[in-house]
Structure formats: structure tokens, C-alpha cells
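Peer 1: Pasting in a structure now, in C-alpha cells, and then I'll have a few things to ask.
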Amino acid sequence: VEYPKSMINFGDYISYRIDFFKDVATMSKVSFDYNVPEENLHIYFNKTKLQRIVDNTITNAIKYTFAG
């Protein structure tokens with residue numbers, strides 16, 4: 001399987017994924033404190049692979065962070 005790469009604004013992408021997981025975090029009594037960087041950071045990467053990496057990291061943070 002070939003995974004095409006594209007240019008991705010990394011700060012905006014992280015914000016988008018955090019918004020996706022906000023309800024799950026709220027149910028776990030966890031909240032995110034994320035500040036979008038002032039400068040644009042772009043990466044050349046595959047969106048599917050990036051989503052797997054970022055989602056796994058966020059879900060692990062939710063699972064293994066104490067409430068509050």
C-alpha cells in the first residue's frame with residue numbers, strides 16, 4: 001500500500017485532533033491545554049499515518065492521566 005504525502009499545517013492539525021477528543025477527555029475528567037504556535041509549522045507527511053500517531057498519543061494521554 002502506498003501512502004501519499006502532502007503538506008500539513010501541524011499546529012492546525014493538532015488543534016483539529018484535540019477538538020475531536022474533547023468529549024472523551026471530558027468524560028475522563030481530563031482537559032487539554034494547547035496553545036497553537038504563532039508561526040506556521042508545516043510538515044510533509046501522510047495524513048493517515050499522522051492521524052494514527054497523533055490519535056494514539058492523545059488517547060494514551062487521556063487513559064494514563066489522573067482525573068483533574
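Letters A, B, ... go to the chains of the C-alpha cells in the order shown; residues in each chain start at 1; ligands are counted from 1 in the same order.
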Env of segment 13-27 of chain A: 9 Å cut, atoms = only C-alpha atoms, seq-sep filter 6 positions within chain, self excluded. Answer as a PyMOL selection string.
Peer 2: chain A and resi 34-36+51+54-55+58-59+62-63
Peer 1: If you run DSSP on this backbone, which residues of segment 1-59 of chain A come out as strand (DSSP E), and could you give them as JSON, numbers by chain?
Peer 2: {"A": [6, 7, 8, 9, 42, 43, 44, 45]}
Peer 1: Excluding segment 4-7 of chain A and its own-chain neighbours fewer than 6 positions away, which residues fall within 8 Å of it when counting only C-alpha atoms? Please give them as a compact mmCIF listing (two decimals) with N, CA and C atoms, in the first residue's frame.
Peer 2:
```
# COMPACT_ATOMS: atom_id res chain seq x y z
N HIS A 42 4.85 23.55 9.05
CA HIS A 42 4.33 22.63 8.05
C HIS A 42 5.23 21.40 7.98
N ILE A 43 4.59 20.26 7.82
CA ILE A 43 5.33 19.02 7.62
C ILE A 43 4.83 18.35 6.34
N TYR A 44 5.70 17.61 5.73
CA TYR A 44 5.38 16.85 4.54
C TYR A 44 5.23 15.41 4.98
N PHE A 45 3.98 14.94 5.11
CA PHE A 45 3.74 13.63 5.73
C PHE A 45 2.42 13.08 5.20
N ASN A 46 2.19 11.83 5.42
CA ASN A 46 0.93 11.20 5.04
C ASN A 46 -0.11 11.44 6.13
N LYS A 47 -1.30 11.91 5.75
CA LYS A 47 -2.33 12.26 6.73
C LYS A 47 -2.82 11.04 7.51
```
Peer 1: Figure out the distance between atom CA of Val30 of chain A and atom CA of Asn60 of chain A, please, to one decimal in Å.
Peer 2: 12.0 Å
Peer 1: Enumerate as a PDB file with C-alpha atoms, in the first residue's frame all residues of chain A assigned to helix (DSSP H, G or I) by DSSP on the backbone, naming them with the chain letters and numbers the document uses.
Peer 2:
```
ATOM      1  CA  PHE A  10       0.975  20.766  12.029  1.00  0.00           C
ATOM      2  CA  GLY A  11      -0.369  23.271  14.585  1.00  0.00           C
ATOM      3  CA  ASP A  12      -3.795  23.371  12.955  1.00  0.00           C
ATOM      4  CA  TYR A  13      -3.826  19.593  12.608  1.00  0.00           C
ATOM      5  CA  ILE A  14      -3.107  19.048  16.314  1.00  0.00           C
ATOM      6  CA  SER A  15      -5.876  21.525  17.215  1.00  0.00           C
ATOM      7  CA  TYR A  16      -8.287  19.628  14.965  1.00  0.00           C
ATOM      8  CA  ARG A  17      -7.485  16.276  16.602  1.00  0.00           C
ATOM      9  CA  ILE A  18      -7.700  17.729  20.132  1.00  0.00           C
ATOM     10  CA  ASP A  19     -11.147  19.097  19.317  1.00  0.00           C
ATOM     11  CA  PHE A  20     -12.126  15.619  18.130  1.00  0.00           C
ATOM     12  CA  PHE A  21     -11.166  14.092  21.504  1.00  0.00           C
ATOM     13  CA  LYS A  22     -12.521  16.816  23.821  1.00  0.00           C
ATOM     14  CA  ASP A  23     -15.701  14.908  24.728  1.00  0.00           C
ATOM     15  CA  VAL A  24     -13.755  11.748  25.569  1.00  0.00           C
ATOM     16  CA  ALA A  25     -11.354  13.767  27.705  1.00  0.00           C
ATOM     17  CA  THR A  26     -14.221  15.488  29.497  1.00  0.00           C
ATOM     18  CA  MET A  27     -15.783  12.121  30.373  1.00  0.00           C
ATOM     19  CA  LYS A  47      -2.332  12.257   6.729  1.00  0.00           C
ATOM     20  CA  THR A  48      -3.409   8.684   7.543  1.00  0.00           C
ATOM     21  CA  LYS A  49      -0.138   7.858   9.268  1.00  0.00           C
ATOM     22  CA  LEU A  50      -0.095  11.192  11.072  1.00  0.00           C
ATOM     23  CA  GLN A  51      -3.623  10.622  12.353  1.00  0.00           C
ATOM     24  CA  ARG A  52      -2.616   7.227  13.748  1.00  0.00           C
ATOM     25  CA  ILE A  53       0.390   8.703  15.551  1.00  0.00           C
ATOM     26  CA  VAL A  54      -1.425  11.738  16.940  1.00  0.00           C
ATOM     27  CA  ASP A  55      -4.600   9.861  17.916  1.00  0.00           C
ATOM     28  CA  ASN A  56      -2.593   7.165  19.678  1.00  0.00           C
ATOM     29  CA  THR A  57      -0.654   9.782  21.623  1.00  0.00           C
ATOM     30  CA  ILE A  58      -3.799  11.682  22.628  1.00  0.00           C
ATOM     31  CA  THR A  59      -5.730   8.565  23.654  1.00  0.00           C
ATOM     32  CA  ASN A  60      -2.765   7.367  25.733  1.00  0.00           C
ATOM     33  CA  ALA A  61      -2.612  10.768  27.409  1.00  0.00           C
ATOM     34  CA  ILE A  62      -6.314  10.541  28.258  1.00  0.00           C
ATOM     35  CA  LYS A  63      -6.027   6.949  29.540  1.00  0.00           C
TER      36      LYS A  63
END
```
